[in-house]
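Trainee: Got a file for you: my_file.txt, compact mmCIF, C-alpha atoms.
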```
# COMPACT_ATOMS: atom_id res chain seq x y z
CA MET A 1310 -4.60 112.91 -22.35
CA ILE A 1311 -6.45 109.82 -23.59
CA GLU A 1312 -4.52 106.99 -25.20
CA LEU A 1313 -5.84 103.90 -26.92
CA ASP A 1314 -3.16 101.35 -27.68
CA GLN A 1315 -4.45 98.63 -30.00
CA ALA A 1316 -7.65 98.63 -27.92
CA ALA A 1317 -10.24 96.21 -29.27
CA VAL A 1318 -13.57 94.88 -28.01
CA THR A 1319 -15.06 91.53 -28.94
CA VAL A 1320 -18.23 90.12 -27.43
CA GLU A 1321 -19.47 86.55 -27.43
CA THR A 1322 -22.81 85.98 -29.13
CA THR A 1323 -24.81 82.86 -29.90
CA ASP A 1324 -23.39 83.09 -33.44
CA GLY A 1325 -19.81 83.27 -32.17
CA PRO A 1326 -17.47 86.17 -31.38
CA LEU A 1327 -18.55 89.58 -32.65
CA VAL A 1328 -15.98 92.35 -33.08
CA VAL A 1329 -17.51 95.55 -31.73
CA LEU A 1330 -14.34 97.59 -32.09
CA GLU A 1331 -11.34 96.62 -34.18
CA PRO A 1332 -7.86 97.26 -32.66
CA THR A 1333 -7.64 101.03 -32.39
CA THR A 1334 -4.67 103.22 -31.60
CA LEU A 1335 -5.32 106.90 -30.87
CA THR A 1336 -4.06 109.74 -28.75
CA LEU A 1337 -6.67 112.37 -27.91
CA ASP A 1338 -5.37 115.58 -26.38
CA GLU A 1339 -7.55 118.21 -28.05
CA PRO A 1340 -10.03 119.99 -25.76
CA ARG A 1341 -13.09 118.90 -27.76
CA VAL A 1342 -13.23 115.69 -29.77
CA ALA A 1343 -16.33 114.60 -31.68
CA VAL A 1344 -17.16 111.02 -32.59
CA VAL A 1345 -19.68 110.48 -35.39
CA GLY A 1346 -20.97 107.40 -37.14
CA ALA A 1347 -24.04 105.31 -37.83
CA ASN A 1348 -26.00 103.45 -35.16
CA GLY A 1349 -24.21 100.24 -34.24
CA SER A 1350 -20.93 101.38 -35.76
CA GLY A 1351 -19.01 101.11 -32.47
CA LYS A 1352 -18.84 104.73 -31.36
CA SER A 1353 -20.62 104.16 -28.04
CA THR A 1354 -18.28 101.26 -27.33
CA LEU A 1355 -15.35 103.57 -28.05
CA ALA A 1356 -16.83 106.14 -25.63
CA ARG A 1357 -17.48 103.56 -22.92
CA LEU A 1358 -13.89 102.36 -23.13
CA LEU A 1359 -12.75 105.76 -21.94
CA ASN A 1360 -13.98 105.45 -18.37
CA GLY A 1361 -13.87 101.70 -18.00
CA LEU A 1362 -17.59 101.01 -18.48
CA VAL A 1363 -16.39 98.65 -21.21
CA GLU A 1364 -13.03 96.92 -20.84
CA PRO A 1365 -10.91 96.22 -23.90
CA THR A 1366 -10.63 92.52 -24.69
CA SER A 1367 -7.16 93.27 -26.03
CA GLY A 1368 -4.88 96.30 -25.93
CA HIS A 1369 -4.98 99.12 -23.40
CA VAL A 1370 -6.81 102.38 -22.73
CA ARG A 1371 -5.17 105.02 -20.53
CA VAL A 1372 -6.51 108.32 -19.30
CA GLY A 1373 -4.00 110.68 -17.74
CA GLY A 1374 -1.59 107.74 -17.63
CA LEU A 1375 -4.05 105.53 -15.70
CA ASP A 1376 -5.08 102.19 -17.16
CA THR A 1377 -8.88 101.86 -17.30
CA VAL A 1378 -8.74 98.19 -16.31
CA ASP A 1379 -6.06 98.19 -13.62
CA GLU A 1380 -7.05 101.53 -12.12
CA GLY A 1381 -10.78 101.64 -12.94
CA PRO A 1382 -12.01 103.55 -9.85
CA ALA A 1383 -9.27 106.19 -10.24
CA VAL A 1384 -10.13 106.57 -13.93
CA ARG A 1385 -13.83 107.01 -13.16
CA ARG A 1386 -12.98 109.77 -10.70
CA ARG A 1387 -11.26 111.58 -13.58
CA VAL A 1388 -13.65 110.77 -16.40
CA GLY A 1389 -17.30 111.79 -16.16
CA PHE A 1390 -19.91 110.23 -18.43
CA VAL A 1391 -23.21 111.64 -19.66
CA PHE A 1392 -25.65 109.20 -21.24
CA THR A 1393 -28.27 109.67 -23.96
CA ASN A 1394 -31.21 109.09 -21.62
CA PRO A 1395 -30.95 111.23 -18.49
CA ASP A 1396 -33.77 109.30 -16.79
CA ALA A 1397 -31.45 106.38 -16.24
CA GLN A 1398 -28.82 108.66 -14.77
CA LEU A 1399 -30.99 110.50 -12.25
CA VAL A 1400 -31.30 108.34 -9.17
CA MET A 1401 -32.50 110.69 -6.45
CA PRO A 1402 -35.95 112.23 -5.97
CA THR A 1403 -34.96 115.90 -6.17
CA CYS A 1404 -32.38 117.86 -8.18
CA LEU A 1405 -30.37 118.93 -5.14
CA GLU A 1406 -30.25 115.40 -3.74
CA ASP A 1407 -29.14 113.97 -7.06
CA VAL A 1408 -26.19 116.31 -7.34
CA ALA A 1409 -25.39 115.86 -3.63
CA LEU A 1410 -25.18 112.11 -4.22
CA SER A 1411 -22.15 112.64 -6.46
CA LEU A 1412 -20.50 114.62 -3.67
CA ARG A 1413 -21.02 112.14 -0.83
CA ARG A 1414 -17.60 110.57 -1.26
CA THR A 1415 -15.64 113.80 -1.36
CA VAL A 1416 -17.63 116.22 0.82
CA ARG A 1417 -18.54 114.63 4.16
CA ASP A 1418 -20.08 117.69 5.79
CA LYS A 1419 -23.77 117.93 4.96
CA ALA A 1420 -24.00 121.73 4.87
CA ALA A 1421 -20.90 122.01 2.69
CA ARG A 1422 -22.27 119.30 0.40
CA ARG A 1423 -25.54 121.17 0.02
CA ALA A 1424 -23.76 124.44 -0.68
CA ARG A 1425 -21.53 122.83 -3.30
CA ALA A 1426 -24.51 121.06 -4.91
CA LEU A 1427 -26.34 124.40 -5.18
CA GLU A 1428 -23.27 125.93 -6.84
CA VAL A 1429 -23.16 123.13 -9.40
CA LEU A 1430 -26.89 123.45 -10.05
CA ALA A 1431 -26.40 127.18 -10.60
CA SER A 1432 -23.66 126.44 -13.14
CA VAL A 1433 -26.24 124.69 -15.35
CA GLY A 1434 -29.04 127.16 -14.63
CA LEU A 1435 -31.05 124.88 -12.34
CA GLU A 1436 -30.58 126.61 -8.98
CA ALA A 1437 -34.30 127.48 -8.84
CA LYS A 1438 -35.16 123.79 -9.28
CA ALA A 1439 -33.09 122.55 -6.32
CA ASP A 1440 -36.04 121.05 -4.42
CA THR A 1441 -38.03 120.10 -7.52
CA SER A 1442 -38.75 116.43 -8.24
CA VAL A 1443 -36.61 115.12 -11.09
CA HIS A 1444 -39.86 113.83 -12.64
CA ALA A 1445 -41.10 117.39 -13.01
CA LEU A 1446 -38.21 118.53 -15.23
CA SER A 1447 -38.31 118.91 -19.00
CA GLY A 1448 -36.06 116.71 -21.15
CA GLY A 1449 -33.49 119.47 -21.49
CA GLN A 1450 -33.51 120.19 -17.77
CA LYS A 1451 -33.06 116.49 -17.00
CA GLN A 1452 -30.04 116.34 -19.29
CA MET A 1453 -28.64 119.47 -17.64
CA LEU A 1454 -29.17 117.87 -14.24
CA ALA A 1455 -27.43 114.70 -15.39
CA LEU A 1456 -24.56 116.89 -16.54
CA ALA A 1457 -24.54 118.67 -13.15
CA GLY A 1458 -24.37 115.31 -11.37
CA VAL A 1459 -21.24 114.50 -13.33
CA LEU A 1460 -19.66 117.97 -13.09
CA ALA A 1461 -20.06 117.85 -9.31
CA THR A 1462 -17.26 115.30 -9.18
CA ASP A 1463 -15.00 117.79 -11.01
CA PRO A 1464 -13.68 115.35 -13.61
CA ASP A 1465 -10.75 116.11 -15.91
CA VAL A 1466 -12.51 114.56 -18.91
CA LEU A 1467 -16.17 114.42 -19.84
CA VAL A 1468 -17.49 111.78 -22.22
CA ALA A 1469 -20.98 112.46 -23.55
CA ASP A 1470 -22.76 109.71 -25.48
CA GLU A 1471 -25.38 111.33 -27.74
CA PRO A 1472 -26.47 113.77 -25.03
CA THR A 1473 -28.76 115.75 -27.34
CA THR A 1474 -30.42 112.91 -29.25
CA LEU A 1475 -33.66 113.03 -27.22
CA LEU A 1476 -33.87 116.82 -27.04
CA ASP A 1477 -35.72 119.45 -29.06
CA LEU A 1478 -33.87 122.17 -30.93
CA ARG A 1479 -33.86 124.72 -28.10
CA ASN A 1480 -32.68 122.21 -25.49
CA THR A 1481 -30.13 120.75 -27.90
CA ARG A 1482 -28.63 124.20 -28.25
CA LEU A 1483 -28.61 124.82 -24.49
CA VAL A 1484 -26.97 121.50 -23.67
CA ALA A 1485 -24.51 121.76 -26.57
CA ASP A 1486 -23.44 125.30 -25.64
CA ARG A 1487 -22.89 124.24 -22.03
CA LEU A 1488 -20.89 121.17 -23.05
CA LEU A 1489 -18.69 123.12 -25.44
CA SER A 1490 -17.98 125.77 -22.80
CA LEU A 1491 -16.65 123.33 -20.21
CA ARG A 1492 -13.06 123.57 -19.03
CA GLN A 1493 -12.85 119.75 -19.09
CA GLN A 1494 -11.63 117.85 -22.11
CA LEU A 1495 -14.78 116.74 -23.94
CA VAL A 1496 -15.30 113.60 -25.99
CA LEU A 1497 -18.68 113.98 -27.65
CA VAL A 1498 -20.44 111.13 -29.43
CA THR A 1499 -23.14 112.70 -31.55
CA HIS A 1500 -25.42 112.44 -34.56
CA ASP A 1501 -25.65 116.24 -34.62
CA LEU A 1502 -23.18 117.13 -37.37
CA ASP A 1503 -23.55 120.88 -36.71
CA LEU A 1504 -22.36 120.18 -33.20
CA ALA A 1505 -19.53 117.94 -34.39
CA VAL A 1506 -18.03 120.67 -36.58
CA ARG A 1507 -17.76 122.95 -33.53
CA CYS A 1508 -15.21 120.56 -32.01
CA ASP A 1509 -11.42 120.64 -32.49
CA ARG A 1510 -11.10 117.15 -33.91
CA ALA A 1511 -13.50 114.49 -35.12
CA LEU A 1512 -13.42 110.73 -35.56
CA VAL A 1513 -15.69 108.85 -37.94
CA VAL A 1514 -16.50 105.32 -36.83
CA ASP A 1515 -17.87 102.78 -39.27
CA ALA A 1516 -18.21 99.00 -39.03
CA ALA A 1517 -16.25 98.86 -35.77
CA ARG A 1518 -13.31 100.88 -37.11
CA VAL A 1519 -12.17 104.48 -36.97
CA VAL A 1520 -12.22 105.29 -40.67
CA PHE A 1521 -11.40 108.99 -40.47
CA ASP A 1522 -9.59 111.08 -37.89
CA GLY A 1523 -8.94 114.76 -38.34
CA ASP A 1524 -10.54 118.11 -39.05
CA PRO A 1525 -14.24 118.11 -38.04
CA ALA A 1526 -15.52 119.66 -41.28
CA GLU A 1527 -13.61 117.08 -43.32
CA ALA A 1528 -14.80 114.33 -40.99
CA VAL A 1529 -18.43 115.34 -41.53
CA ALA A 1530 -17.90 115.41 -45.30
CA HIS A 1531 -16.31 111.96 -45.09
CA TYR A 1532 -19.24 110.66 -43.04
CA ARG A 1533 -21.79 112.12 -45.47
CA ALA A 1534 -19.96 110.48 -48.39
CA LEU A 1535 -19.91 107.19 -46.47
CA VAL A 1536 -23.65 107.31 -45.90
CA ALA A 1537 -24.34 108.29 -49.51
CA ALA A 1538 -22.25 105.43 -50.91
CA PRO A 1539 -24.32 102.44 -52.11
CA MET B 132 -48.49 107.98 -8.52
CA THR B 133 -45.00 108.48 -9.92
CA ASP B 134 -44.02 110.22 -6.71
CA LEU B 135 -45.74 107.79 -4.37
CA LEU B 136 -42.49 107.42 -2.45
CA GLY B 137 -39.32 109.42 -2.28
CA ALA B 138 -40.82 112.89 -2.50
CA TYR B 139 -39.35 114.96 0.33
CA ARG B 140 -41.34 118.04 1.28
CA PRO B 141 -39.38 120.57 3.34
CA GLY B 142 -41.17 121.61 6.54
CA ARG B 143 -40.85 122.41 10.24
CA SER B 144 -43.12 119.77 11.80
CA VAL B 145 -42.03 117.64 14.73
CA LEU B 146 -41.69 114.73 12.30
CA HIS B 147 -39.30 116.76 10.14
CA ARG B 148 -37.17 117.42 13.22
CA ILE B 149 -36.73 113.77 14.25
CA PRO B 150 -33.35 112.55 12.94
CA ALA B 151 -33.50 110.07 10.06
CA GLY B 152 -31.98 107.12 11.99
CA PRO B 153 -34.45 107.08 14.90
CA LYS B 154 -37.28 107.82 12.49
CA LEU B 155 -36.32 104.81 10.37
CA GLY B 156 -36.24 102.72 13.57
CA LEU B 157 -39.71 103.96 14.52
CA LEU B 158 -41.02 103.10 11.06
CA ALA B 159 -39.61 99.58 11.36
CA THR B 160 -41.17 99.22 14.84
CA TYR B 161 -44.48 100.48 13.52
CA GLY B 162 -44.34 97.85 10.77
CA ALA B 163 -43.53 95.12 13.31
CA ILE B 164 -46.49 96.18 15.46
CA ALA B 165 -48.78 96.04 12.41
CA VAL B 166 -47.61 92.51 11.67
CA ALA B 167 -47.89 91.40 15.32
CA LEU B 168 -51.41 92.71 15.91
CA HIS B 169 -54.37 90.91 14.40
CA GLY B 170 -57.98 91.83 13.85
CA PRO B 171 -59.89 94.71 12.30
CA ALA B 172 -59.83 96.94 15.40
CA SER B 173 -56.01 97.21 15.50
CA ALA B 174 -55.89 97.84 11.73
CA VAL B 175 -58.38 100.69 12.05
CA VAL B 176 -56.39 102.19 14.95
CA LEU B 177 -53.15 102.00 12.95
CA LEU B 178 -54.84 103.57 9.95
CA VAL B 179 -56.12 106.44 12.11
CA VAL B 180 -52.62 106.91 13.56
CA SER B 181 -51.10 107.01 10.06
CA LEU B 182 -53.68 109.53 8.89
CA ALA B 183 -52.93 111.65 11.94
CA LEU B 184 -49.21 111.46 11.11
CA THR B 185 -49.85 112.81 7.60
CA LEU B 186 -51.60 115.81 9.18
CA VAL B 187 -48.80 116.31 11.73
CA ALA B 188 -46.29 116.21 8.85
CA GLY B 189 -48.24 118.98 7.14
CA MET B 190 -48.88 116.92 4.03
CA PRO B 191 -51.62 118.51 1.89
CA VAL B 192 -54.69 116.22 1.92
CA ARG B 193 -55.47 116.63 -1.79
CA ARG B 194 -51.90 115.90 -2.88
CA THR B 195 -51.67 112.90 -0.54
CA LEU B 196 -54.91 111.51 -1.92
CA ARG B 197 -53.55 111.95 -5.43
CA GLN B 198 -50.39 110.09 -4.45
CA VAL B 199 -52.29 107.09 -3.06
CA ARG B 200 -55.05 107.07 -5.69
CA GLY B 201 -53.66 103.96 -7.41
CA LEU B 202 -53.17 102.27 -4.07
CA LEU B 203 -56.79 102.97 -3.10
CA VAL B 204 -57.97 101.22 -6.26
CA LEU B 205 -55.81 98.24 -5.33
CA ALA B 206 -57.16 98.36 -1.76
CA VAL B 207 -60.76 98.17 -3.02
CA VAL B 208 -59.93 95.12 -5.16
CA VAL B 209 -58.11 93.41 -2.27
CA ALA B 210 -60.94 94.25 0.14
CA ALA B 211 -63.55 92.78 -2.21
CA PHE B 212 -61.50 89.62 -2.71
CA GLN B 213 -60.82 89.14 1.01
CA THR B 214 -64.46 89.77 1.94
CA TRP B 215 -65.54 87.16 -0.60
CA GLN B 216 -62.93 84.60 0.47
CA ARG B 217 -62.46 85.14 4.21
CA GLY B 218 -65.04 87.63 5.45
CA TRP B 219 -65.08 91.34 6.25
CA PRO B 220 -62.95 91.25 9.45
CA VAL B 221 -59.98 89.86 7.49
CA ALA B 222 -60.60 92.35 4.67
CA VAL B 223 -60.51 95.28 7.10
CA HIS B 224 -57.39 93.85 8.77
CA VAL B 225 -55.48 93.36 5.49
CA VAL B 226 -56.49 96.60 3.80
CA GLY B 227 -56.20 98.65 7.00
CA ASP B 228 -52.66 97.43 7.63
CA LEU B 229 -51.69 97.96 3.99
CA LEU B 230 -52.91 101.54 3.90
CA ALA B 231 -51.52 102.33 7.35
CA LEU B 232 -48.03 101.12 6.45
CA VAL B 233 -47.94 102.82 3.05
CA LEU B 234 -49.09 106.09 4.61
CA ALA B 235 -46.44 105.75 7.33
CA ALA B 236 -43.79 105.17 4.66
CA LEU B 237 -45.12 108.17 2.78
CA VAL B 238 -44.81 110.30 5.91
CA PHE B 239 -41.24 109.07 6.35
CA THR B 240 -40.16 109.95 2.81
CA ALA B 241 -42.04 113.25 2.87
CA THR B 242 -40.32 114.38 6.07
CA THR B 243 -36.82 112.98 5.54
CA PRO B 244 -34.31 114.07 2.87
CA VAL B 245 -32.83 111.06 1.09
CA ASP B 246 -29.37 112.39 1.86
CA ASP B 247 -30.18 112.02 5.59
CA VAL B 248 -31.52 108.51 5.03
CA LEU B 249 -28.30 107.52 3.27
CA THR B 250 -26.23 108.91 6.12
CA ALA B 251 -28.38 107.14 8.73
CA VAL B 252 -28.22 103.78 6.95
CA GLU B 253 -24.46 104.13 6.47
CA ARG B 254 -23.99 104.99 10.14
CA GLY B 255 -26.27 102.18 11.31
CA LEU B 256 -24.43 99.58 9.27
CA ARG B 257 -20.92 100.74 10.10
CA PRO B 258 -20.44 98.09 12.86
CA PHE B 259 -21.12 95.40 10.27
CA ARG B 260 -18.24 96.52 8.06
CA ARG B 261 -15.95 93.96 9.72
CA LEU B 262 -18.39 91.25 8.56
CA GLY B 263 -17.92 92.34 4.96
CA VAL B 264 -20.97 94.61 4.74
CA ARG B 265 -20.31 97.80 2.74
CA PRO B 266 -22.57 100.43 4.29
CA GLU B 267 -22.26 102.88 1.37
CA ARG B 268 -23.50 100.26 -1.07
CA VAL B 269 -26.42 99.19 1.13
CA ALA B 270 -27.41 102.82 1.65
CA LEU B 271 -27.26 103.44 -2.09
CA ALA B 272 -29.38 100.33 -2.74
CA PHE B 273 -31.90 101.61 -0.18
CA SER B 274 -32.26 104.93 -1.96
CA LEU B 275 -32.42 103.23 -5.36
CA VAL B 276 -35.43 101.23 -4.20
CA LEU B 277 -37.20 104.47 -3.32
CA ARG B 278 -36.40 105.80 -6.79
CA ALA B 279 -37.19 102.52 -8.57
CA ILE B 280 -40.79 102.25 -7.39
CA PRO B 281 -42.06 105.37 -9.18
CA GLY B 282 -39.77 104.55 -12.11
CA ILE B 283 -41.36 101.12 -12.57
CA LEU B 284 -44.84 102.63 -12.25
CA GLU B 285 -43.96 105.12 -14.98
CA THR B 286 -42.64 102.33 -17.21
CA ALA B 287 -45.84 100.34 -16.59
CA ARG B 288 -47.94 103.30 -17.68
CA GLU B 289 -45.88 103.77 -20.85
CA THR B 290 -46.07 100.04 -21.59
CA ARG B 291 -49.85 100.05 -21.13
CA ALA B 292 -50.15 103.02 -23.49
CA ALA B 293 -47.97 101.27 -26.08
CA ALA B 294 -50.05 98.09 -25.83
CA LYS B 295 -53.25 100.13 -26.15
CA ALA B 296 -51.91 101.86 -29.26
CA ARG B 297 -51.53 98.44 -30.86
CA GLY B 298 -54.97 97.27 -29.71
CA LEU B 299 -53.42 94.83 -27.23
CA GLU B 300 -54.57 96.39 -23.96
CA ARG B 301 -56.25 93.11 -22.90
CA SER B 302 -53.18 90.97 -23.53
CA PRO B 303 -51.21 90.24 -20.32
CA ARG B 304 -48.23 89.23 -22.44
CA ALA B 305 -48.19 92.59 -24.25
CA LEU B 306 -48.11 94.31 -20.87
CA LEU B 307 -45.90 92.11 -18.70
CA VAL B 308 -43.15 91.03 -21.11
CA PRO B 309 -42.19 94.56 -22.25
CA LEU B 310 -42.51 95.81 -18.67
CA ALA B 311 -40.10 93.14 -17.42
CA VAL B 312 -37.67 93.70 -20.29
CA ARG B 313 -37.72 97.49 -19.93
CA THR B 314 -37.38 97.31 -16.15
CA VAL B 315 -34.33 95.06 -16.40
CA GLY B 316 -32.92 97.28 -19.17
CA ARG B 317 -33.43 100.33 -17.03
CA ALA B 318 -31.70 98.60 -14.11
CA TYR B 319 -28.69 97.96 -16.34
CA GLU B 320 -28.68 101.59 -17.52
CA THR B 321 -28.88 102.81 -13.93
CA GLY B 322 -26.04 100.49 -12.97
CA ASP B 323 -23.92 101.89 -15.80
CA ALA B 324 -24.78 105.44 -14.76
CA LEU B 325 -23.81 104.76 -11.14
CA ALA B 326 -20.58 103.11 -12.23
CA ALA B 327 -19.85 106.07 -14.49
CA ARG B 328 -20.27 108.41 -11.49
CA GLY B 329 -17.84 106.23 -9.53
CA LEU B 330 -20.58 105.25 -7.04
CA GLY B 331 -19.97 101.79 -5.66
CA ASP B 332 -16.28 101.81 -6.51
CA ASP B 333 -15.27 102.27 -2.86
```
Could you take the file, read its structure, and then write that structure out as structure tokens?
Mentor:
Amino acid sequence: MIELDQAAVTVETTDGPLVVLEPTTLTLDEPRVAVVGANGSGKSTLARLLNGLVEPTSGHVRVGGLDTVDEGPAVRRRVGFVFTNPDAQLVMPTCLEDVALSLRRTVRDKAARRARALEVLASVGLEAKADTSVHALSGGQKQMLALAGVLATDPDVLVADEPTTLLDLRNTRLVADRLLSLRQQLVLVTHDLDLAVRCDRALVVDAARVVFDGDPAEAVAHYRALVAAP
Amino acid sequence: MTDLLGAYRPGRSVLHRIPAGPKLGLLATYGAIAVALHGPASAVVLLVVSLALTLVAGMPVRRTLRQVRGLLVLAVVVAAFQTWQRGWPVAVHVVGDLLALVLAALVFTATTPVDDVLTAVERGLRPFRRLGVRPERVALAFSLVLRAIPGILETARETRAAAKARGLERSPRALLVPLAVRTVGRAYETGDALAARGLGDD
């Protein structure tokens, strides 16, 4: 379960303090939660709060009862994060090595690590690409590999920040289907409203505030009305 | 050029069978020898040795040439400059050493899985843990350097294409400023990604 208790983020700029997220209180326990909103609205900040990539300047964020500031490393072991651009997330030369990197801390034996990495690659349909250079993958395959690198750590929660934004229609569908089929709780930041309505709950973020929280179809309607308003 | 370094090629050569730690030590020794020896003759010998190592490693000649194509262009420019400034013996020495060392590094990365390199670096640095060194972090940094080189080259190519599209291909500022900004930005993104995977938390 994810809990935000008056969690707010303010950053210092040359023009003075800028509120990136107003104090927000939420409890997220649905299996699939979508977050929609315009660029710069604060939804990525909200996502990054969930595994401690961004620390709240006031209030608290807890995942499974663990505070993201006080128990950051433990939280990151429980919360995986998939970014928009997989290129930044892939740090090893080949697919197998990239997934194995995630396993180094938990699986010390090399043969066992390789076997487990191959299993994870198979779970995203990339077992045939194990020894392929990450540069040689398509955009969709790179995003799948980034997902595999995160799933290898077996997190309880997966946060995905616009994971399909850079993908074509076919790859968007592949990545989306895989994300929605995960056993992990999913928090999905997305501009893909068709994808958002497939979740169990949706938040609409606007001007650093959560302005709607509820049924995904209603959330999408609310967001459309917000965008259409002058 | 994007896979100049860090592209492991599975194989059964004698070089593939040498464990990563000793192989890394041999590479460092080879580099020290190249620095210690002076003159064109030693550079030519080292270059021949490196070329022989690529054959022993079973690296396809055409693919290897493709990998070092950009470097060869650089080598020609450096050779011309050195010949003009300091004469041909220095040019042969500088360019010979440069090519020999890059080829040796290429052989190392082509015959050694990065996972093994990480393990070797971690193991080698373990005695320094009591001095505050964190072997896992150093090993990760080592592998990130291997990954960063082709990444920066790719960014440079994209930046050049973007400058060309705006008719600014002759402007150093249009090439270097975006390259620096994007490289730093990418470093931040990679840092975030590593943190998100819990790497470096230990």
Trainee: Out of B:Glu300, B:Asp246, B:Glu289, B:Glu253, which residue has the shortest atom-to-atom distance to chain A when counting all atoms listed in the file?
Mentor: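 Using all atoms listed in the file, chain A sits closest to B:Asp246.
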Trainee: Compute the set of chain A residues within 9 Å of chain B, using only C-alpha atoms, and express it as number ranges by chain.
Mentor: A: 1360-1362, 1381-1386, 1388-1392, 1394, 1396-1403, 1406, 1409-1411, 1413-1414, 1419, 1440, 1442, 1444, 1458-1459, 1462
Trainee: For a test of reading the model, state the distance in Å between atom CA of Ala1530 of chain A and atom CA of Gly1349 of chain A, rounded to one decimal.
Mentor: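 These atoms are spaced 19.8 Å apart.
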Trainee: Could you check which of A:Ala1517, A:Val1408, A:Ala1526, A:Ala1511 is closest to Glu1339 of chain A, using only C-alpha atoms?
Mentor: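 For Glu1339 of chain A, the nearest of the given residues is A:Ala1511.
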Trainee: Within 12 Å of Arg1487 of chain A, counting only C-alpha atoms, which residues qualify if same-chain residues fewer than 3 places away don't, as a PDB file with C-alpha atoms, in the coordinates of the input?
Mentor:
```
ATOM      1  CA  SER A1432     -23.660 126.440 -13.140  1.00  0.00           C
ATOM      2  CA  VAL A1433     -26.240 124.690 -15.350  1.00  0.00           C
ATOM      3  CA  GLY A1434     -29.040 127.160 -14.630  1.00  0.00           C
ATOM      4  CA  GLY A1449     -33.490 119.470 -21.490  1.00  0.00           C
ATOM      5  CA  GLN A1452     -30.040 116.340 -19.290  1.00  0.00           C
ATOM      6  CA  MET A1453     -28.640 119.470 -17.640  1.00  0.00           C
ATOM      7  CA  LEU A1454     -29.170 117.870 -14.240  1.00  0.00           C
ATOM      8  CA  LEU A1456     -24.560 116.890 -16.540  1.00  0.00           C
ATOM      9  CA  ALA A1457     -24.540 118.670 -13.150  1.00  0.00           C
ATOM     10  CA  LEU A1460     -19.660 117.970 -13.090  1.00  0.00           C
ATOM     11  CA  PRO A1472     -26.470 113.770 -25.030  1.00  0.00           C
ATOM     12  CA  THR A1473     -28.760 115.750 -27.340  1.00  0.00           C
ATOM     13  CA  ASN A1480     -32.680 122.210 -25.490  1.00  0.00           C
ATOM     14  CA  THR A1481     -30.130 120.750 -27.900  1.00  0.00           C
ATOM     15  CA  ARG A1482     -28.630 124.200 -28.250  1.00  0.00           C
ATOM     16  CA  LEU A1483     -28.610 124.820 -24.490  1.00  0.00           C
ATOM     17  CA  VAL A1484     -26.970 121.500 -23.670  1.00  0.00           C
ATOM     18  CA  SER A1490     -17.980 125.770 -22.800  1.00  0.00           C
ATOM     19  CA  LEU A1491     -16.650 123.330 -20.210  1.00  0.00           C
ATOM     20  CA  ARG A1492     -13.060 123.570 -19.030  1.00  0.00           C
ATOM     21  CA  GLN A1493     -12.850 119.750 -19.090  1.00  0.00           C
ATOM     22  CA  LEU A1495     -14.780 116.740 -23.940  1.00  0.00           C
ATOM     23  CA  LEU A1504     -22.360 120.180 -33.200  1.00  0.00           C
TER      24      LEU A1504
END
```
Trainee: In Å, rounded to a single decimal, give me how far atom CA of Leu1327 of chain A is from atom CA of Leu1535 of chain A.
Mentor: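 Distance between the two atoms: 22.4 Å.
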Trainee: Have a look at B:Gly227, B:Pro220, B:Gly255, B:Pro309 and name the one nearest to Val179 of chain B; count only C-alpha atoms.
Mentor: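 Ranking B:Gly227, B:Pro220, B:Gly255, B:Pro309 by distance to Val179 of chain B, first place goes to B:Gly227.
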Trainee: With 9 Å as the threshold, what does the neighbourhood of (-18.6, 106.1, -26.8) contain in terms of residues, counting all atoms listed in the file? Coordinates are those of the file; answer as JSON, numbers by chain.
Mentor: {"A": [1344, 1351, 1352, 1353, 1354, 1355, 1356, 1357, 1358, 1359, 1468, 1469, 1470, 1471, 1496, 1497, 1498]}
Trainee: Mind checking which residues fall within 12 Å of segment 202-211 of chain B, counting only C-alpha atoms, ignoring those fewer than 6 positions away in the same chain, and posting them as a VMD selection string?
Mentor: chain B and resid 132 to 133 135 to 136 195 to 196 217 to 234 284
Trainee: So which residues touch Leu1335 of chain A within 8 Å, counting only C-alpha atoms, skipping near sequence neighbours fewer than 2 positions away, as a PyMOL selection string?
Mentor: chain A and resi 1311-1314+1333+1337
Trainee: Please measure the separation of atom CA of Val1519 of chain A and atom CA of Arg1533 of chain A, giving the value in Å to one decimal.
Mentor: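 These two atoms are separated by 14.9 Å.
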Trainee: Just the residues within 9 Å of segment 159-164 of chain B, please, counting only C-alpha atoms, with nothing from its chain fewer than 4 positions along; format it as JSON, numbers by chain.
Mentor: {"B": [154, 155, 168, 177, 228, 232, 235]}
